[in-house]
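Q: Take a look at this one; I'll ask things after.
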Amino acid sequence: MIVCYAQGGGLGHLTRIRAYLHTREVGDEPVTILTGSPFAGDPRVVAGRPVLSAPAGLDRDALTRWIGGTLAGLRPRELVVDAFPAGLSGELSAAIVPAGTRVVHLARLLRWDAYRPLLAADPLEFAETRLVEPVGDAHRAYLESVSSVVAPLTLVDPPEPEPAVPTEPGGWLIVHSGPVAEVSELVAYALDVAALDGVRPSFTLVSPNRPDGLPPGIAHHDVYPAWPLFAGADRIVTAAGCNVVRQLARWPERHRMLPFPRRFDDQYARAARARRSIS
């Protein structure tokens, strides 16, 4: 069995786990996902895999005990830890890993100075750390100190049929799974960009959230995954999360990013790096 630990409130953690399992071709091996994400209740996201969530309201020590007890019961061959090498709140340490379990880390860009205080005194030791994007120097140095192997991994999303969403030729997509306020900001940004470009495209918002006051003429669809729609759009307007920047790397000229502040994710650095790559 493989257990994937994907703690975090956003959709991105589960999307990355989904891509990892496809990329590594796990086949029919059982997979259990440990997460508190509200998106774990969506069968489109977890693809039928069982999900376990800690009881609400646990403090860090209680969460650590719950994770240790859950792993002891599951006895996984492999534990995959997404994004945060010590967990979202510092709840992961070597003590929670059953004997014989191989531990893998999927590393992405972090605001390392903000995250570093959460590192455990007895850190997880990783058989391998796979970098799904470049990370900062201090972050990488830490990963090399606790990992037998640190190497890049190019994630590939599982194949999906194109969603049955009507989009007009030359249309623009606005894609975001975050809070309604951010969706509204992205809509306003897309309208501003179109005005500056001197064009009047059709707009389609792809999001689980439809903001109040969505301007007339902007269609809304709750579609997952959104990436099969990208090939047919003239512009795709998004935040600067790890997955969507990866998925749109093949069409940098179509991509417009508006980064948002996050506690640990560094969307500003990621957006700046992506823009430099096409300048």
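Here, A, B, ... name the chains of the structure tokens in the order displayed, residue numbers run from 1 inside each chain, and ligands are numbered from 1 in the same displayed order.
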I want to know what sits within 12 Å of A:Pro216, based on only C-alpha atoms, with residues of the same chain fewer than 6 positions away left out; could you give that as a PyMOL selection string?
A: chain A and resi 187+191+202-205
Q: Create the file for the chosen residues now, containing N, CA, C and O atoms and written as a short mmCIF file (atom, residue, chain, number, x, y, z; two decimals), in the first residue's frame.
A:
data_model
loop_
_atom_site.label_atom_id
_atom_site.label_comp_id
_atom_site.auth_asym_id
_atom_site.auth_seq_id
_atom_site.Cartn_x
_atom_site.Cartn_y
_atom_site.Cartn_z
N VAL A 187 -11.17 37.68 -12.26
CA VAL A 187 -12.11 38.11 -13.29
C VAL A 187 -11.84 39.57 -13.66
O VAL A 187 -11.76 39.93 -14.85
N LEU A 191 -10.51 41.08 -17.33
CA LEU A 191 -11.19 42.15 -18.06
C LEU A 191 -10.24 43.31 -18.35
O LEU A 191 -10.25 43.90 -19.44
N SER A 202 -14.76 36.29 -25.69
CA SER A 202 -15.69 35.64 -24.78
C SER A 202 -14.89 35.11 -23.59
O SER A 202 -13.74 34.69 -23.73
N PHE A 203 -15.49 35.15 -22.41
CA PHE A 203 -14.83 34.69 -21.19
C PHE A 203 -15.58 33.49 -20.61
O PHE A 203 -16.82 33.49 -20.55
N THR A 204 -14.80 32.52 -20.13
CA THR A 204 -15.37 31.40 -19.39
C THR A 204 -14.61 31.26 -18.08
O THR A 204 -13.38 31.13 -18.08
N LEU A 205 -15.33 31.32 -16.98
CA LEU A 205 -14.75 31.11 -15.66
C LEU A 205 -14.89 29.63 -15.29
O LEU A 205 -16.00 29.08 -15.31
#
Q: Give the alpha helix (DSSP H) residues of stretch 148-275 of chain A, as DSSP finds them on the backbone, and put them as a VMD selection string.
A: chain A and resid 180 to 197 242 to 247 267 to 275
Q: Could you give me, as an MDAnalysis selection string, the residues within 12 Å of A:Pro161, counting only C-alpha atoms and dropping anything in the same chain fewer than 6 positions from it?
A: chainID A and resid 223:229
Q: Could the residues in this selection be saved with N, CA, C and O atoms as a PDB file, in the first residue's frame?
A:
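File again_4.pdb, as written:
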ATOM      1  N   VAL A 223     -15.554  22.665 -13.434  1.00  0.00           N
ATOM      2  CA  VAL A 223     -14.940  21.582 -14.202  1.00  0.00           C
ATOM      3  C   VAL A 223     -13.656  21.155 -13.498  1.00  0.00           C
ATOM      4  O   VAL A 223     -12.864  21.988 -13.067  1.00  0.00           O
ATOM      5  N   TYR A 224     -13.455  19.839 -13.389  1.00  0.00           N
ATOM      6  CA  TYR A 224     -12.176  19.311 -12.903  1.00  0.00           C
ATOM      7  C   TYR A 224     -11.863  18.050 -13.689  1.00  0.00           C
ATOM      8  O   TYR A 224     -12.726  17.183 -13.825  1.00  0.00           O
ATOM      9  N   PRO A 225     -10.622  17.947 -14.173  1.00  0.00           N
ATOM     10  CA  PRO A 225      -9.586  18.984 -14.222  1.00  0.00           C
ATOM     11  C   PRO A 225      -9.863  19.989 -15.332  1.00  0.00           C
ATOM     12  O   PRO A 225     -10.583  19.693 -16.284  1.00  0.00           O
ATOM     13  N   ALA A 226      -9.257  21.154 -15.185  1.00  0.00           N
ATOM     14  CA  ALA A 226      -9.455  22.219 -16.172  1.00  0.00           C
ATOM     15  C   ALA A 226      -8.467  22.155 -17.323  1.00  0.00           C
ATOM     16  O   ALA A 226      -8.731  22.704 -18.400  1.00  0.00           O
ATOM     17  N   TRP A 227      -7.313  21.493 -17.115  1.00  0.00           N
ATOM     18  CA  TRP A 227      -6.237  21.596 -18.105  1.00  0.00           C
ATOM     19  C   TRP A 227      -6.620  21.109 -19.510  1.00  0.00           C
ATOM     20  O   TRP A 227      -6.069  21.630 -20.502  1.00  0.00           O
ATOM     21  N   PRO A 228      -7.555  20.147 -19.684  1.00  0.00           N
ATOM     22  CA  PRO A 228      -7.880  19.782 -21.074  1.00  0.00           C
ATOM     23  C   PRO A 228      -8.492  20.912 -21.892  1.00  0.00           C
ATOM     24  O   PRO A 228      -8.522  20.834 -23.126  1.00  0.00           O
ATOM     25  N   LEU A 229      -8.967  21.973 -21.226  1.00  0.00           N
ATOM     26  CA  LEU A 229      -9.522  23.119 -21.941  1.00  0.00           C
ATOM     27  C   LEU A 229      -8.457  24.087 -22.448  1.00  0.00           C
ATOM     28  O   LEU A 229      -8.749  24.948 -23.286  1.00  0.00           O
TER      29      LEU A 229
END
Q: Have a look at A:Arg102, A:Arg44, A:Arg49, A:Arg235 and name the one nearest to A:Ser148; count only C-alpha atoms.
A: A:Arg102
Q: Report the residues of stretch 127-234 of chain A whose backbone DSSP state falls under strand (DSSP E), written as a ChimeraX atom specification.
A: /A:128-131,150-152,172-175,203-206,218-221
Q: Produce a file of the selected residues containing N, CA, C and O atoms, as a compact mmCIF listing (two decimals), in the first residue's frame.
A:
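Produced file part-v1.txt, reproduced below:
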# COMPACT_ATOMS: atom_id res chain seq x y z
N GLU A 128 13.85 9.29 -1.09
CA GLU A 128 14.04 10.17 -2.24
C GLU A 128 13.17 11.41 -2.07
O GLU A 128 12.06 11.35 -1.55
N THR A 129 13.71 12.52 -2.52
CA THR A 129 12.95 13.76 -2.64
C THR A 129 12.90 14.10 -4.12
O THR A 129 13.93 14.18 -4.78
N ARG A 130 11.69 14.30 -4.61
CA ARG A 130 11.50 14.64 -6.02
C ARG A 130 11.05 16.09 -6.12
O ARG A 130 10.03 16.48 -5.55
N LEU A 131 11.82 16.88 -6.84
CA LEU A 131 11.54 18.29 -7.02
C LEU A 131 10.59 18.45 -8.21
O LEU A 131 10.98 18.20 -9.36
N VAL A 150 18.03 13.50 -4.12
CA VAL A 150 17.24 14.68 -4.47
C VAL A 150 17.36 14.85 -5.97
O VAL A 150 18.47 15.02 -6.49
N ALA A 151 16.23 14.79 -6.66
CA ALA A 151 16.26 14.86 -8.12
C ALA A 151 14.94 15.41 -8.63
O ALA A 151 13.91 15.29 -7.99
N PRO A 152 14.98 16.03 -9.83
CA PRO A 152 13.73 16.56 -10.40
C PRO A 152 12.80 15.44 -10.84
O PRO A 152 13.24 14.31 -11.14
N TRP A 172 -11.29 33.31 -23.91
CA TRP A 172 -10.37 33.34 -22.78
C TRP A 172 -10.94 32.52 -21.63
O TRP A 172 -12.16 32.54 -21.37
N LEU A 173 -10.04 31.84 -20.92
CA LEU A 173 -10.40 31.10 -19.71
C LEU A 173 -9.87 31.84 -18.49
O LEU A 173 -8.77 32.38 -18.50
N ILE A 174 -10.66 31.83 -17.43
CA ILE A 174 -10.23 32.29 -16.11
C ILE A 174 -10.38 31.07 -15.20
O ILE A 174 -11.48 30.54 -15.04
N VAL A 175 -9.27 30.62 -14.63
CA VAL A 175 -9.27 29.34 -13.91
C VAL A 175 -8.73 29.53 -12.51
O VAL A 175 -7.61 30.03 -12.33
N PHE A 203 -15.49 35.15 -22.41
CA PHE A 203 -14.83 34.69 -21.19
C PHE A 203 -15.58 33.49 -20.61
O PHE A 203 -16.82 33.49 -20.55
N THR A 204 -14.80 32.52 -20.13
CA THR A 204 -15.37 31.40 -19.39
C THR A 204 -14.61 31.26 -18.08
O THR A 204 -13.38 31.13 -18.08
N LEU A 205 -15.33 31.32 -16.98
CA LEU A 205 -14.75 31.11 -15.66
C LEU A 205 -14.89 29.63 -15.29
O LEU A 205 -16.00 29.08 -15.31
N VAL A 206 -13.76 29.01 -14.97
CA VAL A 206 -13.74 27.61 -14.54
C VAL A 206 -13.32 27.60 -13.08
O VAL A 206 -12.17 27.89 -12.75
N ILE A 218 -20.05 36.48 -18.83
CA ILE A 218 -18.99 35.55 -18.43
C ILE A 218 -19.64 34.24 -18.01
O ILE A 218 -20.39 34.19 -17.02
N ALA A 219 -19.40 33.19 -18.77
CA ALA A 219 -19.95 31.88 -18.45
C ALA A 219 -19.19 31.28 -17.28
O ALA A 219 -18.00 31.54 -17.09
N HIS A 220 -19.86 30.46 -16.48
CA HIS A 220 -19.23 29.80 -15.34
C HIS A 220 -19.48 28.30 -15.43
O HIS A 220 -20.60 27.85 -15.68
N HIS A 221 -18.41 27.53 -15.20
CA HIS A 221 -18.52 26.07 -15.16
C HIS A 221 -17.62 25.54 -14.04
O HIS A 221 -16.50 26.01 -13.86
Q: Hey, what's within 9 Å of stretch 65-68 of chain A if we count only C-alpha atoms and toss same-chain stuff fewer than 2 positions away? As a ChimeraX atom specification, please?
A: /A:34,54-55,58,60-63,70-73,91-92,95-98
Q: Take the residues that were just selected and, keeping C-alpha atoms, output them as a PDB file, in the first residue's frame.
A:
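As a result, out-v6.pdb now contains:
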ATOM      1  CA  LEU A  34      -4.547  11.370   4.286  1.00  0.00           C
ATOM      2  CA  ALA A  54      -8.080  13.620  11.128  1.00  0.00           C
ATOM      3  CA  PRO A  55     -10.833  14.688  13.519  1.00  0.00           C
ATOM      4  CA  LEU A  58      -6.737  18.585  16.900  1.00  0.00           C
ATOM      5  CA  ARG A  60      -0.314  19.683  16.531  1.00  0.00           C
ATOM      6  CA  ASP A  61       0.617  17.010  19.089  1.00  0.00           C
ATOM      7  CA  ALA A  62      -2.767  15.324  18.819  1.00  0.00           C
ATOM      8  CA  LEU A  63      -2.531  15.392  15.025  1.00  0.00           C
ATOM      9  CA  THR A  70      -3.198   5.661  11.359  1.00  0.00           C
ATOM     10  CA  LEU A  71       0.094   4.719   9.713  1.00  0.00           C
ATOM     11  CA  ALA A  72       0.631   1.948  12.264  1.00  0.00           C
ATOM     12  CA  GLY A  73      -2.727   0.505  11.272  1.00  0.00           C
ATOM     13  CA  GLU A  91       3.244  17.529  12.778  1.00  0.00           C
ATOM     14  CA  LEU A  92       5.515  15.080  10.919  1.00  0.00           C
ATOM     15  CA  ALA A  95       8.706   8.861  15.085  1.00  0.00           C
ATOM     16  CA  ILE A  96       5.431   8.508  13.148  1.00  0.00           C
ATOM     17  CA  VAL A  97       6.855   6.286  10.377  1.00  0.00           C
ATOM     18  CA  PRO A  98       6.390   2.508  10.785  1.00  0.00           C
TER      19      PRO A  98
END
Q: Near A:Gly178, within 10 Å and counting only C-alpha atoms, which residues show up once chain neighbours fewer than 6 positions away are dropped, as a ChimeraX atom specification?
A: /A:9-12,207-209,239,260
Q: Quick one: residues within 9 Å of A:Ala233, only C-alpha atoms counted, chain neighbours fewer than 5 positions away excluded, as an NGL selection string?
A: :A and (167-173 or 254)
Q: Kindly export the residues of the current selection with all heavy atoms, as an mmCIF file, in the first residue's frame.
A:
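Here's the written file out.cif:
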data_model
loop_
_atom_site.group_PDB
_atom_site.id
_atom_site.type_symbol
_atom_site.label_atom_id
_atom_site.label_comp_id
_atom_site.auth_asym_id
_atom_site.auth_seq_id
_atom_site.Cartn_x
_atom_site.Cartn_y
_atom_site.Cartn_z
ATOM 1 N N THR A 167 -16.989 26.497 -25.370
ATOM 2 C CA THR A 167 -16.118 27.664 -25.440
ATOM 3 C C THR A 167 -16.020 28.097 -26.895
ATOM 4 O O THR A 167 -15.968 27.263 -27.798
ATOM 5 C CB THR A 167 -14.708 27.366 -24.906
ATOM 6 O OG1 THR A 167 -14.155 26.244 -25.619
ATOM 7 C CG2 THR A 167 -14.748 27.036 -23.421
ATOM 8 N N GLU A 168 -16.004 29.405 -27.115
ATOM 9 C CA GLU A 168 -15.945 29.926 -28.479
ATOM 10 C C GLU A 168 -14.493 30.018 -28.942
ATOM 11 O O GLU A 168 -13.589 30.251 -28.141
ATOM 12 C CB GLU A 168 -16.585 31.312 -28.529
ATOM 13 C CG GLU A 168 -18.069 31.320 -28.195
ATOM 14 C CD GLU A 168 -18.652 32.705 -28.296
ATOM 15 O OE1 GLU A 168 -18.004 33.584 -28.904
ATOM 16 O OE2 GLU A 168 -19.760 32.915 -27.755
ATOM 17 N N PRO A 169 -14.254 29.846 -30.237
ATOM 18 C CA PRO A 169 -12.893 30.055 -30.758
ATOM 19 C C PRO A 169 -12.398 31.449 -30.386
ATOM 20 O O PRO A 169 -13.125 32.433 -30.502
ATOM 21 C CB PRO A 169 -13.075 29.906 -32.270
ATOM 22 C CG PRO A 169 -14.308 29.076 -32.425
ATOM 23 C CD PRO A 169 -15.210 29.455 -31.287
ATOM 24 N N GLY A 170 -11.159 31.508 -29.927
ATOM 25 C CA GLY A 170 -10.599 32.786 -29.509
ATOM 26 C C GLY A 170 -11.008 33.209 -28.112
ATOM 27 O O GLY A 170 -10.703 34.324 -27.681
ATOM 28 N N GLY A 171 -11.677 32.324 -27.390
ATOM 29 C CA GLY A 171 -12.136 32.670 -26.051
ATOM 30 C C GLY A 171 -11.028 32.650 -25.023
ATOM 31 O O GLY A 171 -9.955 32.079 -25.239
ATOM 32 N N TRP A 172 -11.294 33.307 -23.907
ATOM 33 C CA TRP A 172 -10.371 33.341 -22.784
ATOM 34 C C TRP A 172 -10.944 32.524 -21.634
ATOM 35 O O TRP A 172 -12.164 32.544 -21.373
ATOM 36 C CB TRP A 172 -10.152 34.778 -22.312
ATOM 37 C CG TRP A 172 -9.360 35.648 -23.231
ATOM 38 C CD1 TRP A 172 -9.230 35.537 -24.584
ATOM 39 C CD2 TRP A 172 -8.589 36.797 -22.851
ATOM 40 N NE1 TRP A 172 -8.418 36.530 -25.078
ATOM 41 C CE2 TRP A 172 -8.012 37.333 -24.040
ATOM 42 C CE3 TRP A 172 -8.325 37.427 -21.635
ATOM 43 C CZ2 TRP A 172 -7.187 38.460 -24.034
ATOM 44 C CZ3 TRP A 172 -7.509 38.551 -21.632
ATOM 45 C CH2 TRP A 172 -6.945 39.060 -22.813
ATOM 46 N N LEU A 173 -10.041 31.840 -20.924
ATOM 47 C CA LEU A 173 -10.401 31.103 -19.711
ATOM 48 C C LEU A 173 -9.874 31.842 -18.487
ATOM 49 O O LEU A 173 -8.767 32.381 -18.504
ATOM 50 C CB LEU A 173 -9.795 29.698 -19.727
ATOM 51 C CG LEU A 173 -10.291 28.701 -20.770
ATOM 52 C CD1 LEU A 173 -9.480 27.410 -20.645
ATOM 53 C CD2 LEU A 173 -11.767 28.414 -20.587
ATOM 54 N N ARG A 254 0.273 32.351 -23.899
ATOM 55 C CA ARG A 254 -1.172 32.458 -23.635
ATOM 56 C C ARG A 254 -1.480 32.720 -22.161
ATOM 57 O O ARG A 254 -2.618 33.065 -21.825
ATOM 58 C CB ARG A 254 -1.885 31.161 -24.030
ATOM 59 C CG ARG A 254 -1.707 30.722 -25.452
ATOM 60 C CD ARG A 254 -2.590 29.496 -25.713
ATOM 61 N NE ARG A 254 -2.215 28.801 -26.921
ATOM 62 C CZ ARG A 254 -2.814 27.701 -27.364
ATOM 63 N NH1 ARG A 254 -3.828 27.196 -26.672
ATOM 64 N NH2 ARG A 254 -2.422 27.111 -28.468
#
Q: With only C-alpha atoms as the atoms that count, which of A:Leu52, A:Leu74, A:Leu196, A:Val146 lies nearest to A:Leu124?
A: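 Among the listed residues, A:Val146 lies closest to A:Leu124.
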Q: Excluding A:Ala107 and residues on its chain fewer than 6 positions from it, collect all residues at most 8 Å away from it, counting only C-alpha atoms, and give them as a PyMOL selection string.
A: chain A and resi 82-85+129-133+135
Q: With C-alpha atoms retained, could you export that selection as a PDB file, in the first residue's frame?
A:
ATOM      1  CA  ASP A  82       3.500  16.368  -0.386  1.00  0.00           C
ATOM      2  CA  ALA A  83       4.960  19.899  -0.321  1.00  0.00           C
ATOM      3  CA  PHE A  84       5.811  20.304   3.366  1.00  0.00           C
ATOM      4  CA  PRO A  85       8.689  18.099   4.625  1.00  0.00           C
ATOM      5  CA  THR A 129      12.946  13.760  -2.643  1.00  0.00           C
ATOM      6  CA  ARG A 130      11.500  14.639  -6.019  1.00  0.00           C
ATOM      7  CA  LEU A 131      11.540  18.289  -7.020  1.00  0.00           C
ATOM      8  CA  VAL A 132       8.433  19.078  -9.049  1.00  0.00           C
ATOM      9  CA  GLU A 133       9.859  22.566  -9.592  1.00  0.00           C
ATOM     10  CA  VAL A 135      13.329  25.352  -4.934  1.00  0.00           C
TER      11      VAL A 135
END
Q: Taking only C-alpha atoms into account, name the residue in A:Val3, A:Val26, A:Leu21, A:Ile33 that is nearest to A:Thr101.
A: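 Between A:Val3, A:Val26, A:Leu21, A:Ile33, the residue approaching A:Thr101 most closely is A:Val3.
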Q: Enter the distance from atom CA of A:Gly90 to atom CA of A:Arg77, in Å, rounded to one decimal.
A: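 These two atoms are separated by 22.9 Å.
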Q: Tell me which of A:Gly213, A:Pro252, A:Pro123, A:Gly198 sits closest to A:Ala94, counting only C-alpha atoms.
A: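 Result for the nearest residue to A:Ala94: A:Pro123.
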Q: How close does each residue of stretch 92-202 of chain A get to stretch 255-259 of chain A, giving the shortest atom pair and distance in Å to one decimal for every residue with an atom at most 10 Å away, counting only C-alpha atoms, sorted by chain and residue number, as JSON lines?
A:
{"residue": "A:Leu173", "atom": "CA", "partner": "A:His255", "partner_atom": "CA", "distance": 9.7}
{"residue": "A:Ile174", "atom": "CA", "partner": "A:Arg256", "partner_atom": "CA", "distance": 9.5}
{"residue": "A:Glu182", "atom": "CA", "partner": "A:Leu258", "partner_atom": "CA", "distance": 9.6}
{"residue": "A:Glu185", "atom": "CA", "partner": "A:Leu258", "partner_atom": "CA", "distance": 8.7}
{"residue": "A:Leu186", "atom": "CA", "partner": "A:Leu258", "partner_atom": "CA", "distance": 7.0}
{"residue": "A:Tyr189", "atom": "CA", "partner": "A:Leu258", "partner_atom": "CA", "distance": 7.8}
{"residue": "A:Ala190", "atom": "CA", "partner": "A:Arg256", "partner_atom": "CA", "distance": 8.3}
{"residue": "A:Val193", "atom": "CA", "partner": "A:Arg256", "partner_atom": "CA", "distance": 8.7}
Q: Just the selected residues (N, CA and C atoms), exported as a CSV table (one decimal), in the first residue's frame, please.
A:
chain,number,residue,atom,x,y,z
A,173,LEU,N,-10.0,31.8,-20.9
A,173,LEU,CA,-10.4,31.1,-19.7
A,173,LEU,C,-9.9,31.8,-18.5
A,174,ILE,N,-10.7,31.8,-17.4
A,174,ILE,CA,-10.2,32.3,-16.1
A,174,ILE,C,-10.4,31.1,-15.2
A,182,GLU,N,-10.7,35.9,-4.4
A,182,GLU,CA,-9.6,35.8,-5.4
A,182,GLU,C,-10.2,35.5,-6.8
A,185,GLU,N,-11.1,38.8,-8.1
A,185,GLU,CA,-9.9,39.6,-8.5
A,185,GLU,C,-9.4,39.1,-9.9
A,186,LEU,N,-9.4,37.8,-10.1
A,186,LEU,CA,-8.9,37.3,-11.4
A,186,LEU,C,-9.9,37.7,-12.5
A,189,TYR,N,-9.1,41.2,-13.3
A,189,TYR,CA,-7.8,41.3,-13.9
A,189,TYR,C,-7.9,40.9,-15.4
A,190,ALA,N,-8.6,39.8,-15.7
A,190,ALA,CA,-8.8,39.4,-17.1
A,190,ALA,C,-9.5,40.4,-17.9
A,193,VAL,N,-6.9,43.1,-18.6
A,193,VAL,CA,-5.9,42.7,-19.6
A,193,VAL,C,-6.5,42.8,-21.0
Q: Using only C-alpha atoms for the distances, tell me which of A:Thr32, A:Ser53, A:Ser37, A:Ser93 is nearest to A:His13.
A: A:Ser37
